[in-house]
Protein chains: 2
Amino acid sequence: MESGRRRPVTIADIAAATGVAVSTVSRALSRPSRVSPATRERIQAAARSMDYVPHPPARALASGRTRTVALVVSDVTNPFYFGMIRGTQQQLKAAGYAHLLIDTEDSAEHEIEMLHTMRRSLDGAILGASRLPARALVALAGEIPLVTVNRNVRGVPSVVIDTPAGIAQAVEHLVSLGHRDIVYVSGPTQSWSNQARWQAMRGALERHGLGAQRVGPFPSGRGSGTAAADAVLNSGATACVAFNDLFALGMLTRLRERGVRVPADLSVVGCDDIFGADFSNPPLTTLTAPIEQAGRMAVSLLVAGLDHRAPQPQRRTVVLPTYLTVRESTGPLTD
Amino acid sequence: MESGRRRPVTIADIAAATGVAVSTVSRALSRPSRVSPATRERIQAAARSMDYVPHPPARALASGRTRTVALVVSDVTNPFYFGMIRGTQQQLKAAGYAHLLIDTEDSAEHEIEMLHTMRRSLDGAILGASRLPARALVALAGEIPLVTVNRNVRGVPSVVIDTPAGIAQAVEHLVSLGHRDIVYVSGPTQSWSNQARWQAMRGALERHGLGAQRVGPFPSGRGSGTAAADAVLNSGATACVAFNDLFALGMLTRLRERGVRVPADLSVVGCDDIFGADFSNPPLTTLTAPIEQAGRMAVSLLVAGLDHRAPQPQRRTVVLPTYLTVRESTGPLTD
DNA sequence: CCGGCGGTGACAACCGTTTGCCATGTGTTG
DNA sequence: CAACACATGGCAAACGGTTGTCACCGCCGG
C-alpha cells in the first residue's frame, strides 16, 4: 500500500521495473498504438501498480503543449461571466484541458501583457468580451490560439451572441405595448457589445419611424443603475432597454426607491438573462442569451483547431441566437 | 521592433548577447541580489530589449514550483462560489500566482482523483467546501499544500465562516418577532456547513426552550426551493432558516406561486448573502458572510506557507464573523 | 607581504518527458 | 528463397530553465 512518500515515480522507474526503455514507456502511455499490445499492457499495469502520475510541466517542456486553456474576462465580478465560466469549465474538462482563469480588470494593457506573459504556459485562450482594439487582437492571435466571444474580428475565430437580433424583438414588444419614447441605456464605450446593441436599437426604432435616444455611457456594474435610472427618468422616456441585466437590475432597485412603478410608469428590458433576472422585483423582461453554450462553443472551436495540425477553416464564426423573455418589468403604457 | 517570430528568446540567447553564463542570466532574472548591480542591470536591459519571456513549464520542471494554485469547488454553478472565485482571484493575482479552476461535480472521488493527478502542476490548492472525509483530506494535505474553506479538519489550515454564531442571531431575531415554530431547511448531508448550521440552530432554539425541527435534506440548487417550501408549509412552522440563500431564493419563488405571503404568512432567512439576495422579492433577510474575504484569507494562508520553508505554525485556522442582515423576508407573526 | 575571506560568476548536473532516427526482427511478396 | 516493407523498441538529443559547487578575483587585516 504505502509506496513511501519519497521520490515520485517517473517513467524511468517504470522502464526499469518492466525492462524496457523509457521511450517505450512514454509511448505506451501517451501514444498507445505505437507499441505492441503485449508490452503496452505490461507497462500500463506497472504504471498503475506503482501509482505513476505524469508530470505535466515536464510533458509541457518536451512537447510544447500544456493542456491548459485560459478564460480571460474583464472582471470576474460580473455575473455575465459566471455563465461563461460554467460553460468553458464543462467543455474544457470534457476535453481534458485544465482551466485557467485570468482577470484583466478592464484594462487592455493588462490583457495584452498577461496573455503575452502566459502564452507559453497555455495552449490557447478564450477571450470573453475583449476590450482589445482589433489590430492588437490580431497580433495576439498570432502568438497564441484565440477564440473570442462577443467580439468579431476578421481572422480570429469567434462565437457571438446575436443580441442585436433580440433587440429588434424587444423593440417590437415595447412598441406593441404602446411605447413611443424608448431610450437605450449605454454601457462602456469600448464594449463591442454595447456598440452593437445600440446600433441594433437605432435600426429597429427607425424602422418604426421612431427616433433613438440614449443615456450614458455608464461604467459596468450594478451601481450604475442608480445614475441610469435617474437619467432615464429625466429623459421622459416611457420604456428603456439597458445595455445589460446588471444595469437593469440596478435600475429596478433605484426606481423602487424613488417610488416609480415598474412597469406602470416605466418599462425596462435588460440583456443577457443573468442569474437573478428571474426573481428580481419585478422579474425582468430580458433578452435571454445562451451564455453557457457560448462558452462551450468557444472551447470546441479552440480545441478543434488545437489537435489537428490540419489547416483549419479560416474565419470560423458561429453566431448564437437570443430570444426575448417577457416577464414583468414591461407592460402597456398607462399614462 | 519586429524581432522575428521565429524561435522564442531563451536565457541562453541573453547569455550569448551579454557574454555571461546562462546561470548568471538565470540568477540576474530570478534572484537579482545574487549578482552584482552592474551585470544585473546589463542582463536585465538585454532581456527587456530582446523581449524575453520566461518559460513557465521549464521553470517548473527545474524548480519544482509552478506558481499556480487551484481553487477547487464542488459546483461552479453555485453562486456561493462566485464570491470565492473573486476573492481568490484577486489575492492570487496580487501574489503572482496563476489561478486554476477545478470543478469536482460534487463527487469526493473526483476531488481526490483530480487533485492527485494535478498535484505536480500545482503549488497548492484551496478547497471550497470540500466534501471529503477527514482522513482523505489529511492524506491529500500530505501530497500537496492545502487550505480549506468552511471545513475544519485538524492539521489542515483553514478559514471558516462563523455562520453558526450568525444563526444564533437569526434565531434571536425570529423569536423576538414572536415566532415559536422555527424550522431548519437542511442541505446535503455530507456538507460540513450544513451540519454546523443545524447544530447551531438546535442549540439556539433550545436556549429559548424551543424544540428544533428540520425538513430535508435537499440537494444543492435553487430548484430544491420548491420542495423545501412545500415541506416547510406542511410542517406548520411560521418561520424558517434555510441552509443557504439558493434554497431561500428558490423558496421565495415557490411561495409566491402558491400565494403565500412573505413575511406575513412565513418568515424566511437565508445564509451567505449571495448575489441576488438583496433584490429578490422580497429582499432576503440573511446571514451575511464575508465570502470574498474568506477567499482572500485562504490564499494568504496558503502562500504564506509556500514561500518560507520556515516551519509554519501548525494548525492555522482563522474564523470570520458573520452578521445578520435584516431585509424584508422576515416579520412579526401575524396569524 | 601573505593568508584568508566575501562576493561574483562559470560549470555542469539535473528536472521528467517527448520524439526523430535507427537497428532489429518478423511477416509478406515476387 | 531472396528481398523488402513494416512493426517494434532502443538510443540519445532536445525542451528551457535552476541550483549546488567551485574557481577566481580583489580586498582586507595582521
# chains A, B, ... in the order shown; residues from 1 in each chain; ligands from 1
$ residues_around --residues "DT8 in chain C" --least-positions-apart "4" --cutoff "9 Å" --atoms "only C-alpha atoms (C1' of nucleotides)" --output "list in words"
Arg34, Val35 and Ser36 of chain B; DC24 and DC25 of chain D
$ select_by_dssp --residues "range 97-188 of chain A" --states "strand (DSSP E)" --output "tab-separated table (two decimals) with N, CA, C and O atoms, in the first residue's frame"
chain	number	residue	atom	x	y	z
A	98	ALA	N	-7.00	21.76	-18.63
A	98	ALA	CA	-7.13	22.49	-17.37
A	98	ALA	C	-7.63	23.89	-17.68
A	98	ALA	O	-7.45	24.40	-18.78
A	99	HIS	N	-8.26	24.48	-16.70
A	99	HIS	CA	-8.96	25.74	-16.88
A	99	HIS	C	-8.32	26.85	-16.05
A	99	HIS	O	-8.45	26.87	-14.84
A	100	LEU	N	-7.65	27.74	-16.72
A	100	LEU	CA	-7.02	28.85	-16.03
A	100	LEU	C	-7.92	30.06	-16.12
A	100	LEU	O	-8.56	30.29	-17.14
A	101	LEU	N	-7.97	30.83	-15.05
A	101	LEU	CA	-8.85	31.99	-15.05
A	101	LEU	C	-8.03	33.26	-14.96
A	101	LEU	O	-7.20	33.41	-14.06
A	102	ILE	N	-8.25	34.16	-15.89
A	102	ILE	CA	-7.49	35.41	-15.89
A	102	ILE	C	-8.43	36.60	-15.87
A	102	ILE	O	-9.36	36.67	-16.65
A	103	ASP	N	-8.15	37.51	-14.97
A	103	ASP	CA	-8.96	38.71	-14.86
A	103	ASP	C	-8.12	39.90	-15.30
A	103	ASP	O	-7.04	40.14	-14.77
A	124	GLY	N	-4.01	27.80	-25.47
A	124	GLY	CA	-4.90	28.72	-26.14
A	124	GLY	C	-5.68	29.51	-25.12
A	124	GLY	O	-5.57	29.26	-23.92
A	125	ALA	N	-6.45	30.46	-25.60
A	125	ALA	CA	-7.22	31.28	-24.67
A	125	ALA	C	-8.56	31.66	-25.26
A	125	ALA	O	-8.70	31.77	-26.48
A	126	ILE	N	-9.50	31.85	-24.36
A	126	ILE	CA	-10.81	32.31	-24.77
A	126	ILE	C	-11.02	33.69	-24.20
A	126	ILE	O	-10.89	33.89	-23.00
A	127	LEU	N	-11.30	34.61	-25.08
A	127	LEU	CA	-11.45	35.99	-24.66
A	127	LEU	C	-12.93	36.33	-24.50
A	127	LEU	O	-13.65	36.45	-25.48
A	128	GLY	N	-13.33	36.47	-23.27
A	128	GLY	CA	-14.72	36.84	-23.03
A	128	GLY	C	-14.84	38.34	-23.13
A	128	GLY	O	-14.28	39.05	-22.32
A	146	LEU	N	-6.50	31.76	-30.30
A	146	LEU	CA	-7.51	32.53	-29.59
A	146	LEU	C	-8.90	32.25	-30.13
A	146	LEU	O	-9.05	31.97	-31.33
A	147	VAL	N	-9.87	32.33	-29.27
A	147	VAL	CA	-11.25	32.39	-29.71
A	147	VAL	C	-11.90	33.49	-28.92
A	147	VAL	O	-11.75	33.55	-27.70
A	148	THR	N	-12.60	34.36	-29.60
A	148	THR	CA	-13.25	35.44	-28.87
A	148	THR	C	-14.73	35.16	-28.71
A	148	THR	O	-15.32	34.41	-29.48
A	149	VAL	N	-15.29	35.77	-27.70
A	149	VAL	CA	-16.73	35.68	-27.52
A	149	VAL	C	-17.27	37.11	-27.53
A	149	VAL	O	-16.70	38.00	-26.91
A	158	SER	N	-14.53	33.13	-33.61
A	158	SER	CA	-15.30	33.71	-32.52
A	158	SER	C	-16.70	33.14	-32.44
A	158	SER	O	-17.20	32.57	-33.39
A	159	VAL	N	-17.28	33.27	-31.30
A	159	VAL	CA	-18.69	32.99	-31.19
A	159	VAL	C	-19.35	34.25	-30.69
A	159	VAL	O	-18.90	34.85	-29.72
A	160	VAL	N	-20.36	34.64	-31.41
A	160	VAL	CA	-21.04	35.86	-30.98
A	160	VAL	C	-22.51	35.56	-30.71
A	160	VAL	O	-23.14	34.76	-31.39
A	161	ILE	N	-22.98	36.19	-29.68
A	161	ILE	CA	-24.37	36.02	-29.29
A	161	ILE	C	-25.17	37.11	-29.98
A	161	ILE	O	-24.86	38.29	-29.84
A	162	ASP	N	-26.14	36.70	-30.72
A	162	ASP	CA	-26.84	37.65	-31.57
A	162	ASP	C	-27.86	38.49	-30.82
A	162	ASP	O	-29.05	38.48	-31.15
A	182	ILE	N	-38.53	55.46	-26.37
A	182	ILE	CA	-37.75	54.37	-25.83
A	182	ILE	C	-36.28	54.76	-25.84
A	182	ILE	O	-35.76	55.23	-26.86
A	183	VAL	N	-35.64	54.57	-24.71
A	183	VAL	CA	-34.27	55.02	-24.62
A	183	VAL	C	-33.32	53.85	-24.35
A	183	VAL	O	-33.70	52.87	-23.70
A	184	TYR	N	-32.12	53.99	-24.90
A	184	TYR	CA	-31.12	52.95	-24.68
A	184	TYR	C	-30.18	53.41	-23.57
A	184	TYR	O	-29.69	54.53	-23.58
A	185	VAL	N	-29.94	52.51	-22.63
A	185	VAL	CA	-29.02	52.82	-21.54
A	185	VAL	C	-27.66	52.25	-21.88
A	185	VAL	O	-27.46	51.04	-21.85
$ residues_around --residues "range 19-31 of chain A" --least-positions-apart "3" --cutoff "7 Å" --atoms "only C-alpha atoms (C1' of nucleotides)" --output "JSON, numbers by chain"
{"A": [11, 12, 15, 16, 34, 35, 40, 43, 44], "D": [9, 10]}
$ write_last_selection --atoms "all heavy atoms" --output "tab-separated table (two decimals), in the first residue's frame"
chain	number	residue	atom	x	y	z
A	11	ILE	N	8.74	7.78	-15.31
A	11	ILE	CA	8.69	6.74	-16.32
A	11	ILE	C	9.97	5.92	-16.32
A	11	ILE	O	9.97	4.77	-16.73
A	11	ILE	CB	8.40	7.29	-17.74
A	11	ILE	CG1	9.43	8.32	-18.13
A	11	ILE	CG2	7.01	7.83	-17.85
A	11	ILE	CD1	9.28	8.73	-19.58
A	12	ALA	N	11.03	6.53	-15.85
A	12	ALA	CA	12.30	5.78	-15.79
A	12	ALA	C	12.14	4.61	-14.82
A	12	ALA	O	12.64	3.51	-15.08
A	12	ALA	CB	13.41	6.71	-15.32
A	15	ALA	N	10.27	2.01	-16.52
A	15	ALA	CA	11.12	1.36	-17.51
A	15	ALA	C	12.00	0.31	-16.84
A	15	ALA	O	12.10	-0.82	-17.28
A	15	ALA	CB	11.99	2.41	-18.21
A	16	ALA	N	12.59	0.72	-15.75
A	16	ALA	CA	13.45	-0.20	-15.00
A	16	ALA	C	12.65	-1.43	-14.56
A	16	ALA	O	13.08	-2.57	-14.72
A	16	ALA	CB	14.04	0.51	-13.79
A	34	ARG	N	1.36	2.97	-30.72
A	34	ARG	CA	2.71	2.91	-31.24
A	34	ARG	C	3.50	1.73	-30.65
A	34	ARG	O	4.66	1.51	-30.97
A	34	ARG	CB	3.40	4.23	-30.91
A	34	ARG	CG	4.79	4.42	-31.40
A	34	ARG	CD	4.86	4.41	-32.92
A	34	ARG	NE	6.22	4.66	-33.36
A	34	ARG	CZ	7.24	3.82	-33.13
A	34	ARG	NH1	7.03	2.73	-32.47
A	34	ARG	NH2	8.45	4.11	-33.57
A	35	VAL	N	2.86	1.00	-29.76
A	35	VAL	CA	3.57	-0.07	-29.09
A	35	VAL	C	2.70	-1.34	-29.11
A	35	VAL	O	1.48	-1.28	-29.18
A	35	VAL	CB	3.91	0.39	-27.65
A	35	VAL	CG1	2.74	0.21	-26.73
A	35	VAL	CG2	5.14	-0.31	-27.14
A	40	ARG	N	2.52	-2.95	-24.14
A	40	ARG	CA	1.68	-1.85	-23.72
A	40	ARG	C	0.96	-2.24	-22.43
A	40	ARG	O	1.01	-1.53	-21.43
A	40	ARG	CB	0.64	-1.56	-24.80
A	40	ARG	CG	-0.32	-0.47	-24.44
A	40	ARG	CD	-1.59	-0.57	-25.25
A	40	ARG	NE	-1.28	-0.76	-26.68
A	40	ARG	CZ	-2.14	-1.21	-27.57
A	40	ARG	NH1	-3.38	-1.52	-27.20
A	40	ARG	NH2	-1.80	-1.38	-28.83
A	43	ILE	N	3.28	-2.50	-19.45
A	43	ILE	CA	3.72	-1.19	-18.96
A	43	ILE	C	2.60	-0.48	-18.22
A	43	ILE	O	2.79	0.06	-17.14
A	43	ILE	CB	4.21	-0.32	-20.14
A	43	ILE	CG1	5.49	-0.92	-20.71
A	43	ILE	CG2	4.42	1.10	-19.69
A	43	ILE	CD1	6.00	-0.22	-21.94
A	44	GLN	N	1.43	-0.52	-18.82
A	44	GLN	CA	0.31	0.17	-18.17
A	44	GLN	C	0.01	-0.43	-16.81
A	44	GLN	O	-0.31	0.28	-15.86
A	44	GLN	CB	-0.91	0.15	-19.08
A	44	GLN	CG	-0.70	1.02	-20.32
A	44	GLN	CD	-1.89	0.99	-21.27
A	44	GLN	OE1	-2.71	0.08	-21.21
A	44	GLN	NE2	-1.96	1.99	-22.13
D	9	DG	P	7.16	-3.55	-28.51
D	9	DG	OP1	7.04	-4.76	-27.67
D	9	DG	OP2	6.14	-2.50	-28.45
D	9	DG	O5'	8.60	-2.92	-28.24
D	9	DG	C5'	9.75	-3.77	-28.31
D	9	DG	C4'	11.00	-2.94	-28.41
D	9	DG	O4'	10.97	-2.15	-29.61
D	9	DG	C3'	11.20	-1.95	-27.25
D	9	DG	O3'	12.47	-2.21	-26.67
D	9	DG	C2'	11.15	-0.59	-27.92
D	9	DG	C1'	11.59	-0.91	-29.34
D	9	DG	N9	11.13	0.04	-30.35
D	9	DG	C8	9.83	0.50	-30.52
D	9	DG	N7	9.74	1.35	-31.51
D	9	DG	C5	11.03	1.47	-32.00
D	9	DG	C6	11.55	2.27	-33.06
D	9	DG	O6	10.93	3.04	-33.80
D	9	DG	N1	12.92	2.09	-33.23
D	9	DG	C2	13.69	1.25	-32.46
D	9	DG	N2	14.98	1.20	-32.77
D	9	DG	N3	13.23	0.50	-31.48
D	9	DG	C4	11.90	0.67	-31.29
D	10	DG	P	13.02	-1.45	-25.40
D	10	DG	OP1	13.49	-2.43	-24.42
D	10	DG	OP2	12.06	-0.41	-25.00
D	10	DG	O5'	14.29	-0.76	-26.07
D	10	DG	C5'	15.27	-1.58	-26.70
D	10	DG	C4'	16.42	-0.73	-27.19
D	10	DG	O4'	15.96	0.07	-28.31
D	10	DG	C3'	16.94	0.26	-26.15
D	10	DG	O3'	18.36	0.31	-26.23
D	10	DG	C2'	16.30	1.59	-26.55
D	10	DG	C1'	16.15	1.44	-28.05
D	10	DG	N9	14.98	2.13	-28.58
D	10	DG	C8	13.69	1.98	-28.15
D	10	DG	N7	12.84	2.72	-28.81
D	10	DG	C5	13.62	3.40	-29.74
D	10	DG	C6	13.25	4.35	-30.72
D	10	DG	O6	12.13	4.78	-30.99
D	10	DG	N1	14.36	4.80	-31.43
D	10	DG	C2	15.64	4.39	-31.23
D	10	DG	N2	16.55	4.94	-32.00
D	10	DG	N3	15.99	3.50	-30.31
D	10	DG	C4	14.94	3.05	-29.60
$ interface_residues --of "chain C" --to "chain A" --cutoff "12 Å" --atoms "only C-alpha atoms (C1' of nucleotides)" --output "list in words"
DC15, DG16, DT17, DT18, DT19 and DG20 of chain C
$ residues_around --residues "Val303 in chain A" --least-positions-apart "5" --cutoff "9 Å" --atoms "only C-alpha atoms (C1' of nucleotides)" --output "MDAnalysis selection string"
chainID A and resid 92 95 123:124 298 308
$ write_last_selection --atoms "C-alpha atoms" --output "PDB file, in the first residue's frame"
ATOM      1  CA  LEU A  92     -12.593  22.027 -21.108  1.00  0.00           C
ATOM      2  CA  ALA A  95     -11.776  17.706 -23.490  1.00  0.00           C
ATOM      3  CA  ASP A 123      -2.380  26.041 -25.393  1.00  0.00           C
ATOM      4  CA  GLY A 124      -4.899  28.723 -26.141  1.00  0.00           C
ATOM      5  CA  ALA A 298     -15.790  28.711 -27.814  1.00  0.00           C
ATOM      6  CA  HIS A 308      -5.158  18.649 -35.770  1.00  0.00           C
TER       7      HIS A 308
END
$ select_by_dssp --residues "range 103-291 of chain B" --states "alpha helix (DSSP H)" --output "ChimeraX atom specification"
/B:108-118,134-143,163-176,192-207,224-235,245-257,291
$ write_last_selection --atoms "C-alpha atoms" --output "short mmCIF file (atom, residue, chain, number, x, y, z; two decimals), in the first residue's frame"
data_model
loop_
_atom_site.label_atom_id
_atom_site.label_comp_id
_atom_site.auth_asym_id
_atom_site.auth_seq_id
_atom_site.Cartn_x
_atom_site.Cartn_y
_atom_site.Cartn_z
CA ALA B 108 -15.48 13.10 -3.48
CA GLU B 109 -13.76 10.61 -5.76
CA HIS B 110 -13.42 13.23 -8.43
CA GLU B 111 -12.00 15.58 -5.89
CA ILE B 112 -9.31 13.19 -4.76
CA GLU B 113 -8.58 11.96 -8.22
CA MET B 114 -8.21 15.36 -9.83
CA LEU B 115 -6.11 16.79 -7.10
CA HIS B 116 -3.93 13.74 -7.10
CA THR B 117 -3.41 13.96 -10.83
CA MET B 118 -2.74 17.66 -10.95
CA ALA B 134 -11.47 13.95 7.20
CA ARG B 135 -8.94 11.18 6.71
CA ALA B 136 -8.92 11.63 2.94
CA LEU B 137 -8.42 15.33 3.45
CA VAL B 138 -5.45 14.80 5.69
CA ALA B 139 -3.98 12.32 3.25
CA LEU B 140 -4.32 14.80 0.42
CA ALA B 141 -2.79 17.53 2.52
CA GLY B 142 0.26 15.29 2.70
CA GLU B 143 0.58 15.33 -1.07
CA THR B 163 -22.25 31.14 10.28
CA PRO B 164 -23.28 29.18 13.35
CA ALA B 165 -22.77 32.28 15.50
CA GLY B 166 -24.87 34.17 12.99
CA ILE B 167 -27.57 31.57 13.22
CA ALA B 168 -27.94 32.40 16.86
CA GLN B 169 -28.56 35.99 15.86
CA ALA B 170 -31.11 34.89 13.34
CA VAL B 171 -32.93 32.85 15.93
CA GLU B 172 -32.98 35.79 18.35
CA HIS B 173 -34.42 37.89 15.60
CA LEU B 174 -37.18 35.44 14.77
CA VAL B 175 -38.02 34.74 18.38
CA SER B 176 -38.26 38.41 19.17
CA TRP B 192 -19.90 20.24 6.80
CA SER B 193 -21.57 23.65 6.81
CA ASN B 194 -24.95 22.07 6.79
CA GLN B 195 -24.16 20.06 9.87
CA ALA B 196 -22.67 23.03 11.64
CA ARG B 197 -25.65 25.19 10.89
CA TRP B 198 -28.13 22.65 12.04
CA GLN B 199 -26.29 22.14 15.30
CA ALA B 200 -26.17 25.86 15.88
CA MET B 201 -29.85 26.13 15.19
CA ARG B 202 -30.68 23.38 17.64
CA GLY B 203 -28.56 24.98 20.29
CA ALA B 204 -30.06 28.40 19.84
CA LEU B 205 -33.59 27.13 19.86
CA GLU B 206 -33.03 25.07 22.98
CA ARG B 207 -31.70 28.08 24.76
CA SER B 224 -34.77 22.47 -4.30
CA GLY B 225 -36.60 25.55 -3.15
CA THR B 226 -39.86 24.19 -4.44
CA ALA B 227 -39.82 21.02 -2.41
CA ALA B 228 -38.39 22.88 0.53
CA ALA B 229 -41.13 25.48 0.54
CA ASP B 230 -43.79 22.83 0.39
CA ALA B 231 -42.17 20.91 3.20
CA VAL B 232 -41.90 23.95 5.40
CA LEU B 233 -45.51 24.84 4.79
CA ASN B 234 -46.60 21.34 5.73
CA SER B 235 -44.56 21.48 8.88
CA ASP B 245 -29.56 31.59 0.07
CA LEU B 246 -30.01 29.49 -3.00
CA PHE B 247 -32.60 27.45 -1.15
CA ALA B 248 -34.18 30.54 0.33
CA LEU B 249 -34.42 32.24 -3.05
CA GLY B 250 -35.97 29.16 -4.56
CA MET B 251 -38.44 29.01 -1.74
CA LEU B 252 -39.42 32.62 -2.24
CA THR B 253 -40.34 31.87 -5.81
CA ARG B 254 -42.38 28.86 -4.86
CA LEU B 255 -44.15 30.61 -2.01
CA ARG B 256 -45.14 33.41 -4.30
CA GLU B 257 -46.54 30.85 -6.74
CA ILE B 291 -17.10 35.08 1.26
#
$ interface_residues --of "chain D" --to "chain A" --cutoff "9 Å" --atoms "only C-alpha atoms (C1' of nucleotides)" --output "PyMOL selection string"
chain D and resi 7-11+14-16
$ residues_around --residues "DA23 in chain D" --least-positions-apart "5" --cutoff "12 Å" --atoms "only C-alpha atoms (C1' of nucleotides)" --output "JSON, numbers by chain"
{"C": [8, 9, 10, 11]}
$ write_last_selection --atoms "all heavy atoms" --output "short mmCIF file (atom, residue, chain, number, x, y, z; two decimals), in the first residue's frame"
data_model
loop_
_atom_site.label_atom_id
_atom_site.label_comp_id
_atom_site.auth_asym_id
_atom_site.auth_seq_id
_atom_site.Cartn_x
_atom_site.Cartn_y
_atom_site.Cartn_z
P DT C 8 28.73 41.05 -5.17
OP1 DT C 8 28.74 42.45 -5.63
OP2 DT C 8 27.52 40.49 -4.54
"O5'" DT C 8 29.15 40.14 -6.39
"C5'" DT C 8 30.34 40.50 -7.12
"C4'" DT C 8 30.71 39.42 -8.09
"O4'" DT C 8 31.08 38.22 -7.39
"C3'" DT C 8 29.59 39.00 -9.05
"O3'" DT C 8 30.04 39.31 -10.35
"C2'" DT C 8 29.46 37.49 -8.85
"C1'" DT C 8 30.80 37.14 -8.23
N1 DT C 8 30.85 35.93 -7.38
C2 DT C 8 31.80 34.97 -7.65
O2 DT C 8 32.60 35.06 -8.56
N3 DT C 8 31.79 33.89 -6.81
C4 DT C 8 30.93 33.67 -5.75
O4 DT C 8 31.01 32.66 -5.06
C5 DT C 8 29.95 34.71 -5.53
C7 DT C 8 28.97 34.60 -4.41
C6 DT C 8 29.95 35.79 -6.35
P DG C 9 29.00 39.39 -11.56
OP1 DG C 9 29.41 40.47 -12.50
OP2 DG C 9 27.63 39.39 -11.01
"O5'" DG C 9 29.31 38.00 -12.25
"C5'" DG C 9 30.62 37.79 -12.77
"C4'" DG C 9 30.88 36.32 -12.98
"O4'" DG C 9 30.80 35.60 -11.74
"C3'" DG C 9 29.91 35.61 -13.94
"O3'" DG C 9 30.68 35.06 -14.99
"C2'" DG C 9 29.25 34.54 -13.09
"C1'" DG C 9 30.28 34.32 -11.99
N9 DG C 9 29.74 33.81 -10.74
C8 DG C 9 28.71 34.35 -10.01
N7 DG C 9 28.46 33.67 -8.92
C5 DG C 9 29.38 32.62 -8.94
C6 DG C 9 29.57 31.56 -8.01
O6 DG C 9 28.96 31.34 -6.97
N1 DG C 9 30.60 30.72 -8.42
C2 DG C 9 31.35 30.88 -9.55
N2 DG C 9 32.31 29.98 -9.77
N3 DG C 9 31.17 31.87 -10.43
C4 DG C 9 30.18 32.69 -10.05
P DA C 10 30.04 34.41 -16.27
OP1 DA C 10 30.67 35.00 -17.46
OP2 DA C 10 28.58 34.37 -16.13
"O5'" DA C 10 30.63 32.94 -16.11
"C5'" DA C 10 32.05 32.78 -16.00
"C4'" DA C 10 32.39 31.31 -15.85
"O4'" DA C 10 32.01 30.86 -14.53
"C3'" DA C 10 31.69 30.37 -16.83
"O3'" DA C 10 32.63 29.39 -17.23
"C2'" DA C 10 30.54 29.79 -16.02
"C1'" DA C 10 31.12 29.77 -14.61
N9 DA C 10 30.13 29.96 -13.55
C8 DA C 10 29.26 31.01 -13.44
N7 DA C 10 28.49 30.94 -12.36
C5 DA C 10 28.90 29.78 -11.74
C6 DA C 10 28.48 29.15 -10.55
N6 DA C 10 27.54 29.64 -9.76
N1 DA C 10 29.08 27.99 -10.21
C2 DA C 10 30.04 27.51 -11.00
N3 DA C 10 30.53 28.01 -12.14
C4 DA C 10 29.90 29.16 -12.45
P DC C 11 32.28 28.41 -18.46
OP1 DC C 11 33.43 28.50 -19.38
OP2 DC C 11 30.90 28.66 -18.96
"O5'" DC C 11 32.30 26.99 -17.76
"C5'" DC C 11 32.66 26.89 -16.40
"C4'" DC C 11 32.46 25.48 -15.91
"O4'" DC C 11 31.58 25.51 -14.75
"C3'" DC C 11 31.81 24.52 -16.90
"O3'" DC C 11 32.41 23.25 -16.73
"C2'" DC C 11 30.33 24.55 -16.50
"C1'" DC C 11 30.42 24.75 -14.99
N1 DC C 11 29.28 25.51 -14.42
C2 DC C 11 28.74 25.12 -13.18
O2 DC C 11 29.23 24.16 -12.60
N3 DC C 11 27.70 25.82 -12.66
C4 DC C 11 27.20 26.87 -13.32
N4 DC C 11 26.20 27.54 -12.76
C5 DC C 11 27.73 27.28 -14.59
C6 DC C 11 28.75 26.58 -15.10
#
